[in-house]
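Enquirer: Before I ask anything, let me first share the structure, which is written out below as structure tokens.
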Amino acid sequence: MKQEFYASESLDCIILAAGKSSRFISSRSKLLFPFCGRPLLIHLLTNLKKLLLEPILVLGHQEDQIKAALADDHFFSSLKTVTQHDQQGTAHATAVGFSAVTQEHVLIINGDMPLLSSETLAACVNLHMQSDADITICTAITENPTGYGRLIYDEKRSWIQEEKNCSEQEKKCTTINAGIYIFKTTLLKSALQSMQKDQKSNEYFLPDLINNALSQGASLKTYEADFNEIKGVNTLFEAHEITALLQKKIINHWINAGVFFKKPDSVQIDIDCSLEPGVIIDAGVIIKNNSHIGAQTEIGAHSVLDHAHVGAHINILPHSIIRSSTIASTAVVGPFAHIHSNSHLAEETLIGNFVEIKNSSLLQKSKVKHLSYIGDTLIGKSVNIGAGTITANYDGFQKHKTIIHDHASIGANNVLVAPVVIGEESMTAAGSTITEDVPAYALAIARTKQINKEDYAKMRKEKMQKKTTEITPLLKQKQLQQQ
Amino acid sequence: MKQEFYASESLDCIILAAGKSSRFISSRSKLLFPFCGRPLLIHLLTNLKKLLLEPILVLGHQEDQIKAALADDHFFSSLKTVTQHDQQGTAHATAVGFSAVTQEHVLIINGDMPLLSSETLAACVNLHMQSDADITICTAITENPTGYGRLIYDEKRSWIQEEKNCSEQEKKCTTINAGIYIFKTTLLKSALQSMQKDQKSNEYFLPDLINNALSQGASLKTYEADFNEIKGVNTLFEAHEITALLQKKIINHWINAGVFFKKPDSVQIDIDCSLEPGVIIDAGVIIKNNSHIGAQTEIGAHSVLDHAHVGAHINILPHSIIRSSTIASTAVVGPFAHIHSNSHLAEETLIGNFVEIKNSSLLQKSKVKHLSYIGDTLIGKSVNIGAGTITANYDGFQKHKTIIHDHASIGANNVLVAPVVIGEESMTAAGSTITEDVPAYALAIARTKQINKEDYAKMRKEKMQKKTTEITPLLKQKQLQQQ
Amino acid sequence: MKQEFYASESLDCIILAAGKSSRFISSRSKLLFPFCGRPLLIHLLTNLKKLLLEPILVLGHQEDQIKAALADDHFFSSLKTVTQHDQQGTAHATAVGFSAVTQEHVLIINGDMPLLSSETLAACVNLHMQSDADITICTAITENPTGYGRLIYDEKRSWIQEEKNCSEQEKKCTTINAGIYIFKTTLLKSALQSMQKDQKSNEYFLPDLINNALSQGASLKTYEADFNEIKGVNTLFEAHEITALLQKKIINHWINAGVFFKKPDSVQIDIDCSLEPGVIIDAGVIIKNNSHIGAQTEIGAHSVLDHAHVGAHINILPHSIIRSSTIASTAVVGPFAHIHSNSHLAEETLIGNFVEIKNSSLLQKSKVKHLSYIGDTLIGKSVNIGAGTITANYDGFQKHKTIIHDHASIGANNVLVAPVVIGEESMTAAGSTITEDVPAYALAIARTKQINKEDYAKMRKEKMQKKTTEITPLLKQKQLQQQ
């Protein structure tokens with residue numbers, strides 16, 4: 001985007017975010033509803049931020065919820081807000097926000113437009129500045145304008161007609177009012193002073209205020225935006241539509257940046273994630289919460305990356321879940337792996353199937369290939385963990401750490417009872433329960449010698465078969481039901 | 001739907017379900033092919049039931065299969081059926097069904113219209129009743145009428161033209177015959193008596209019968225339905241189209257009821273399932289077989305719920321499978337969990353990754369977090385099952401039960417050899433194979449003391465390396481191939 | 001397809017595959033980019049092969065990469081190639097390829113058209129042969145011709161206009177040049193001799209050469225192809241579009257062959273895979289690399305089949321991965337199963353959840369139902385492997401084999417330390433680590449007797465609770481952070 005001027009220089013911005021959104025079925029405010037990982041209102045704030053605008057937020061309904069969400073946000077925790085105590089319409093909300101206006105021009109905008117781009121906003125503002133109009137309205141054209149106010153022209157004048165007041169002829173008008181207005185501050189001030197209530201609803205509306213100003217000779221410019229960008233979110237159904245549009249935009253962005261998606265329509269990527277060129281994403285993958293994927297890495301089908309930092313040239317095999325963890329380049333993970341809670345895999349590590357790694361680190365070339373649970377564990381370099389190994393990190397009261405030094409080799413089906421330290425280049429025998437530290441170079445063994453009882457299986461089978469044939473049919477049926 | 005009259009009062013209904021559906025490649029009857037969890041024919045029967053109509057089903061091809069399916073159905077096991085032994089066309093089938101007609105009017109309908117709504121049917125019947133027409137035909141308009149008979153008008157009359165008999169001009173007609181007819185019973189009776197065979201196919205067709213009646217002065221009304229509703233299923237390809245339409249309808253229904261779908265197009269929900277407001281469904285989820293999901297519950301990506309009853313405020317993490325089981329509110333399940341075969345999870349239970357729960361119950365606050373198999377087991381309150389625990393419920397001959405009392409704690413990598421009872425507040429040591437009952441408050445231990453053999457690992461390594469270097473290159477290659 | 005002539009009889013074919021594809025962001029040549037499992041160039045070569053054409057491939061950019069890929073290909077390892085050392089445009093590339101031409105006619109075609117069917121090519125060639133034209137050009141009509149050269153007509157003549165040279169009027173022309181040309185060899189020869197450089201780009205272009213020949217009186221025929229078929233691949237974005245088109249074509253092919261897809265848009269099937277009638281495929285399934293699926297087999301949701309041969313009447317439950325393995329009819333696999341690396345499952349075998357089978361064979365009726373790793377193992381008939389069983393096939397230095405004979409029964413949570421042989425009808429006790437061979441009919445046991453320490457758990461709990469209350473708040477907080 002070529003930024004022709006810094007909008008903030010002579011422009012204030014009021015965001016109308018006090019409304020009740022009664023058609024939106026949800027327990028939380030629709031303005032906090034997440035669209036591709038970012039709350040609705042934050043989408044708009046982020047786009048305004050690109051124009052260096054610091055808006056005045058008019059809050060009302062669910063004010064505390066929204067303020068709490070803003071307080072948690074890195075960028076918007078100190079945003080200026082004012083409260084509209086009674087909800088008396090958009091013009092009334094504007095009047096409430098107007099108290100904080102200091103600049104020559106005022107941009108007024110509904111808070112529920114997540115798809116509105118900073119480019120469109122900048123173009124609209126530029127038009128207003130260059131044309132010296134009193135009022136600039138953003139419009140859009142749509143084949144199906146139902147539900148929107150229309151911008152009507154006749155020979156003499158223009159005005160905004162709310163749908164409920166449209167004649168049949170006017171209803172056919174496909175130019176709609178997008179709900180984005182720019183005023184000269186002086187004009188807005190006098191218009192607010194003389195604003196009048198709508199008789200039916202007993203509220204003050206911005207379109208009425210504008211129509212009034214226009215009838216008194218205010219000059220008007222209109223800027224036509226893409227209809228998709230100015231779509232608002234009134235219902236959960238519209239939230240689905242807008243999520244789909246936004247998701248498609250994000251996917252196309254990464255395609256153009258050199259990412260290949262085997263099934264693009266099946267993938268979800270949050271707006272705050274980043275992917276490098278040469279990444280390949282298979283079907284059904286979900287990438288969210290600020291995750292990053294390095295160049296040439298492949299993410300297998302149906303994997304979930306949540307707050308994950310994944311390096312380059314990594315192979316994540318299908319059905320893997322990576323949460324709040326980092327994976328260094330050239331690792332191989334999955335299928336059916338679950339890496340989570342602040343785990344770190346170094347270069348050339350190998351995590352196989354049905355393996356959970358929790359709050360643990362593996363250094364270079366270490367391997368956990370099958371059916372293991374590694375929790376609260378530090379693993380050195382070139383360690384091999386046998387299939388079916390469990391770190392018993394919880395004694396029923398507290399969590400404890402396991403430490404396994406470089407080149408150690410843990411036998412299959414071991415339990416490592418933490419706290420425990422396994423020394424460098426040591427080994428443990430298959431089937432051992434390791435309760436004490438193992439010195440470097442030692443072999444630890446904790447199992448019983450095998451005894452083969454000859455013909456025992458045969459005898460037992462004969463006994464059981466005899467027993468089984470003695471069971472009454474009724475009992476048998478009962479057992480079947482219990483299986 | 002505002003039901004203006006009870007259709008059954010003066011109306012009989014004949015469903016034509018005897019045809020061969022030769023274009024439908026499938027080993028079972030297309031009428032039994034499931035559409036979103038309900039067989040094709042049952043869709044129609046369910047919609048007719050809403051109008052209190054008890055139809056007469058004309059069966060022929062695969063009669064036994066269809067009768068068996070109806071016998072298994074809760075609602076339709078006692079449906080009236082008649083058999084068309086020779087398949088001589090739709091008018092002949094009507095004649096066979098007509099033997100059971102007793103009312104003043106007769107609705108005739110093809111059995112393969114799963115999308116036909118009861119509202120449309122009611123409106124069509126109402127039109128017939130109010131207009132006093134001899135015959136009422138349901139039509140639809142479509143841009144691509146290929147394959148359908150057309151309803152043709154000229155100045156004097158109307159008639160149904162089968163596509164094969166259409167002139168080029170008639171082929172352009174976009175008003176098609178939907179295959180839904182309502183007759184005055186007296187008129188239908190005389191029309192059936194004088195019906196004539198089609199010369200080419202040697203069959204009796206309803207459109208011919210209708211055209212004949214119209215040419216003799218019968219009065220006609222037409223009711224225009226939505227084309228999507230009257231789509232029939234002639235090929236497997238059409239079955240896919242109709243499944244997609246029906247699935248979209250179901251998803252949109254739940255969106256409007258307050259459910260949020262992160263990727264609506266990727267989700268499958270059977271028509272007999274129910275979801276409460278505030279439910280969130282992620283990508284690739286499958287919900288089928290009468291499953292229910294309570295308010296505010298989240299279902300993670302790629303999970304499958306099959307005959308599952310899931311309460312409110314539950315978190316099902318990705319890649320979980322719940323079959324024939326119930327989960328009480330506030331439980332957390334998954335990722336990669338498999339709960340099945342009549343299992344029951346109480347409030348605040350926690351089932352983690354790579355855990356199978358089969359035919360077992362867990363009371364409040366009990367946890368099975370990692371890599372475990374719990375089968376045929378009763379688990380009390382606040383029990384903790386260590387990672388890697390297996391209930392050995394099958395002795396090679398029979399299944400046995402495991403009982404674990406409140407507040408017991410099972411160590412990691414245990415085997416509980418059923419039948420066995422673990423007492424209240426007892427513990428078992430990690431790595432134990434528990435073969436006998438554990439008393440309340442006791443610690444059970446069944447493992448061997450650890451021995452560390454100093455430098456053994458080092459010596460073994462040196463020995464193996466020596467051995468390895470002695471292997472001929474040929475052997476080495478062989479091993480590589482076997483890996 | 002009715003093949004009217006064998007194209008090779010009088011036709012040579014030059015494929016232009018030397019270009020740089022600078023708009024295609026990828027580290028490998030776009031001609032090797034896989035579309036539904038087959039590299040772009042191989043799609044075209046496969047379709048030409050159906051016409052018995054053996055093309056002359058003009059290579060340049062990334063020549064070695066392409067030659068290496070061809071050398072690996074079963075069908076195209078001995079393809080004729082020539083090298084265009086300097087990239088001086090399409091006419092120059094043609095001149096390079098022309099050196100190998102011996103037939104009367106020459107087909108020239110861009111290498112990046114994966115959707116071009118052999119039927120369309122044959123029809124275009126037939127038109128050329130029957131019309132006796134000097135030049136035949138393949139065209140297509142598209143509503144959005146941006147980026148393509150147009151075929152322009154006026155009263156006197158036709159010519160190809162590159163987009164950059166188009167007038168506004170010419171840009172509206174929707175007939176585009178598809179980049180497929182057939183020449184009489186004699187005409188092409190003289191045209192190549194007199195070809196001229198484009199002044200701006202300093203390259204020789206085929207459209208210029210053609211326009212020149214036409215202006216000198218050469219006769220022209222045009223064949224209109226379906227636009228979708230002639231789509232080229234210039235960007236990664238177009239690669240996505242073409243992949244989607246090709247995937248849809250493949251899915252529709254299998255629907256028409258009697259396969260049912262519960263969610264067709266979510267499935268990926270490679271072009272070289274085959275499915276038999278009655279197969280049912282659930283959502284998110286991926287079938288690739290020459291996999292085959294037998295009649296009536298069901299593939300559960302989100303499963304991946306990669307180089308898998310799956311028989312008939314098999315039930316693959318959701319979330320299963322089968323790689324480089326075979327499964328005989330009537331087996332049941334999954335959910336959450338991973339069968340790979342040259343494994344073989346015989347009839348009526350049963351593989352359950354969280355089970356990995358690697359480089360192993362199971363004979364009839366054997367079962368591995370829960371949480372097991374079976375690697376490098378031969379399993380006989382009717383063997384039962386208990387839950388949580390691990391084959392320890394790797395001693396830290398080498399892989400070893402496990403052999404389990406017919407009717408053996410392995411207890412839960414066993415480790416079988418390879419090399420080891422388990423005899424026929426033998427048993428092993430739950431929790432055993434088996435290090436030595438087990439004779440037929442014997443019971444092997446390798447575990448310690450259980451001791452119950454009365455009230456030990458109670459005492460320990462009291463002790464721990466006392467200890468916990470003594471920890472300072474600071475320490476507690478630290479522990480929480482580490483969890």
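We name chains A, B, ... following the order of the structure tokens; residues begin at 1 in each chain, and ligands are numbered from 1 as shown.
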Could you go through stretch 87-145 of chain B and tell me which residues DSSP, when run on the backbone, assigns to strand (DSSP E), listing them as a list in words?

Expert: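 Here is the list: His105, Val106, Leu107, Ile108, Ile109, Asn110, Ile135, Thr136, Ile137, Cys138, Thr139, Ala140 and Ile141 of chain B.
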
Enquirer: Would you mind listing what lies within 6 Å of stretch 369-384 of chain A as a VMD selection string, with only C-alpha atoms counted and same-chain residues fewer than 3 positions away left out?

Expert: chain A and resid 351 to 366 387 to 391 401 to 409

Enquirer: Give me the stretch 168-217 of chain C side of the contact with stretch 142-154 of chain C, cut-off 10 Å, one line per residue showing its nearest atom pair and distance in Å at one decimal, counting only C-alpha atoms, sorted by chain and residue number, as a Markdown table.

Expert:
| residue | atom | partner | partner_atom | distance |
| --- | --- | --- | --- | --- |
| C:Glu170 | CA | C:Ile152 | CA | 7.3 |
| C:Lys171 | CA | C:Arg150 | CA | 7.7 |
| C:Lys172 | CA | C:Pro145 | CA | 8.1 |
| C:Cys173 | CA | C:Arg150 | CA | 6.5 |
| C:Thr174 | CA | C:Thr142 | CA | 5.5 |
| C:Thr175 | CA | C:Leu151 | CA | 5.7 |
| C:Ile176 | CA | C:Arg150 | CA | 4.3 |
| C:Asn177 | CA | C:Gly149 | CA | 5.4 |
| C:Ala178 | CA | C:Tyr148 | CA | 8.0 |
| C:Gly179 | CA | C:Gly149 | CA | 9.0 |
| C:Pro207 | CA | C:Gly149 | CA | 8.8 |

Enquirer: A:Arg28: which residues within 12 Å, counting only C-alpha atoms, same-chain residues fewer than 2 positions away excluded, as a VMD selection string?

Expert: (chain A and resid 20 to 22 24 to 26 30 to 34 39 to 40 61 to 66 69) or (chain B and resid 278 296)

Enquirer: Keeping only C-alpha atoms, write the selected residues to a file as an mmCIF file, in the first residue's frame.

Expert:
data_model
loop_
_atom_site.group_PDB
_atom_site.id
_atom_site.type_symbol
_atom_site.label_atom_id
_atom_site.label_comp_id
_atom_site.auth_asym_id
_atom_site.auth_seq_id
_atom_site.Cartn_x
_atom_site.Cartn_y
_atom_site.Cartn_z
ATOM 1 C CA LYS A 20 -26.543 -4.732 21.701
ATOM 2 C CA SER A 21 -26.231 -7.104 18.685
ATOM 3 C CA SER A 22 -29.437 -8.821 19.729
ATOM 4 C CA PHE A 24 -26.176 -12.529 17.434
ATOM 5 C CA ILE A 25 -26.795 -15.668 19.522
ATOM 6 C CA SER A 26 -23.765 -15.993 21.752
ATOM 7 C CA LYS A 30 -20.075 -10.294 19.110
ATOM 8 C CA LEU A 31 -17.270 -7.713 19.047
ATOM 9 C CA LEU A 32 -15.104 -10.235 20.892
ATOM 10 C CA PHE A 33 -16.116 -13.180 18.717
ATOM 11 C CA PRO A 34 -12.924 -14.553 17.142
ATOM 12 C CA PRO A 39 -11.625 -10.814 17.963
ATOM 13 C CA LEU A 40 -13.932 -8.914 15.618
ATOM 14 C CA HIS A 61 -23.405 -3.055 25.998
ATOM 15 C CA GLN A 62 -20.974 -5.553 27.618
ATOM 16 C CA GLU A 63 -18.549 -2.691 28.179
ATOM 17 C CA ASP A 64 -16.667 -4.536 30.929
ATOM 18 C CA GLN A 65 -16.115 -7.644 28.777
ATOM 19 C CA ILE A 66 -14.734 -5.508 25.949
ATOM 20 C CA ALA A 69 -10.281 -7.964 26.387
ATOM 21 C CA GLY B 278 -23.184 -22.301 22.284
ATOM 22 C CA GLN B 296 -21.189 -24.630 25.414
#

Enquirer: Can you work out the spacing between atom CA of C:Ile242 and atom CA of B:His240 in Å, to one decimal?

Expert: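 If I compute the distance from atom CA of C:Ile242 to atom CA of B:His240, I get 22.4 Å.
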
Enquirer: Just give me the gap between atom CA of A:Ala331 and atom CA of A:Lys367 in Å, one decimal is fine.

Expert: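 Interatomic distance here is 10.0 Å.
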
Enquirer: Counting only C-alpha atoms, collect the residues of chain B whose closest atom lies at most 6 Å from chain C, and write them out as a count of residues only.

Expert: 12

Enquirer: I'd like the interatomic distance between atom CA of A:Thr94 and atom CA of A:Asp72, to a tenth of an Å.

Expert: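 The value is 26.0 Å.
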
Enquirer: Could you tell me which of A:Ser343, A:Ser77, A:Asn234, A:Gln84 comes closest to A:Ala328 if we count only C-alpha atoms?

Expert: A:Ser343

Enquirer: With a distance cut-off of 7 Å and only C-alpha atoms, select the neighbouring residues of C:Thr235, excluding the residue or stretch itself and same-chain residues fewer than 3 positions from it, and output the selection as a PyMOL selection string.

Expert: chain C and resi 23-24+238-239

Enquirer: Go ahead and save the residues from that selection, with C-alpha atoms, as an mmCIF file, in the first residue's frame.

Expert:
data_model
loop_
_atom_site.group_PDB
_atom_site.id
_atom_site.type_symbol
_atom_site.label_atom_id
_atom_site.label_comp_id
_atom_site.auth_asym_id
_atom_site.auth_seq_id
_atom_site.Cartn_x
_atom_site.Cartn_y
_atom_site.Cartn_z
ATOM 1 C CA ARG C 23 6.568 -16.784 -11.763
ATOM 2 C CA PHE C 24 6.393 -20.225 -10.134
ATOM 3 C CA GLU C 238 -2.713 -21.755 -10.807
ATOM 4 C CA ALA C 239 -1.165 -24.981 -9.552
#

Enquirer: Write down as a tab-separated table (two decimals) with N, CA and C atoms, in the first residue's frame the residues belonging to stretch 46-78 of chain B that are assigned helix (DSSP H, G or I) by DSSP computed on the backbone.

Expert:
chain	number	residue	atom	x	y	z
B	46	THR	N	-40.84	-40.14	6.97
B	46	THR	CA	-40.81	-39.22	8.13
B	46	THR	C	-41.55	-37.94	7.81
B	47	ASN	N	-41.37	-37.43	6.58
B	47	ASN	CA	-42.06	-36.21	6.20
B	47	ASN	C	-43.56	-36.43	6.04
B	48	LEU	N	-43.94	-37.59	5.53
B	48	LEU	CA	-45.37	-37.90	5.41
B	48	LEU	C	-46.01	-38.04	6.79
B	49	LYS	N	-45.24	-38.60	7.73
B	49	LYS	CA	-45.74	-38.81	9.09
B	49	LYS	C	-46.13	-37.47	9.74
B	50	LYS	N	-45.39	-36.41	9.41
B	50	LYS	CA	-45.72	-35.10	9.97
B	50	LYS	C	-47.10	-34.64	9.53
B	63	GLU	N	-37.80	-56.33	-2.38
B	63	GLU	CA	-38.90	-56.18	-1.41
B	63	GLU	C	-38.48	-56.65	-0.01
B	64	ASP	N	-37.80	-57.79	0.04
B	64	ASP	CA	-37.45	-58.36	1.35
B	64	ASP	C	-36.49	-57.46	2.12
B	65	GLN	N	-35.47	-56.95	1.40
B	65	GLN	CA	-34.53	-56.02	2.02
B	65	GLN	C	-35.26	-54.82	2.63
B	66	ILE	N	-36.18	-54.26	1.86
B	66	ILE	CA	-36.88	-53.06	2.32
B	66	ILE	C	-37.79	-53.40	3.50
B	67	LYS	N	-38.50	-54.53	3.40
B	67	LYS	CA	-39.37	-54.94	4.50
B	67	LYS	C	-38.57	-55.17	5.78
B	68	ALA	N	-37.38	-55.77	5.64
B	68	ALA	CA	-36.55	-56.02	6.81
B	68	ALA	C	-36.12	-54.70	7.46
B	69	ALA	N	-35.77	-53.73	6.62
B	69	ALA	CA	-35.34	-52.43	7.15
B	69	ALA	C	-36.50	-51.74	7.87
B	70	LEU	N	-37.72	-51.83	7.28
B	70	LEU	CA	-38.88	-51.22	7.92
B	70	LEU	C	-39.19	-51.92	9.25
B	71	ALA	N	-39.05	-53.24	9.27
B	71	ALA	CA	-39.34	-53.99	10.49
B	71	ALA	C	-38.44	-53.54	11.64
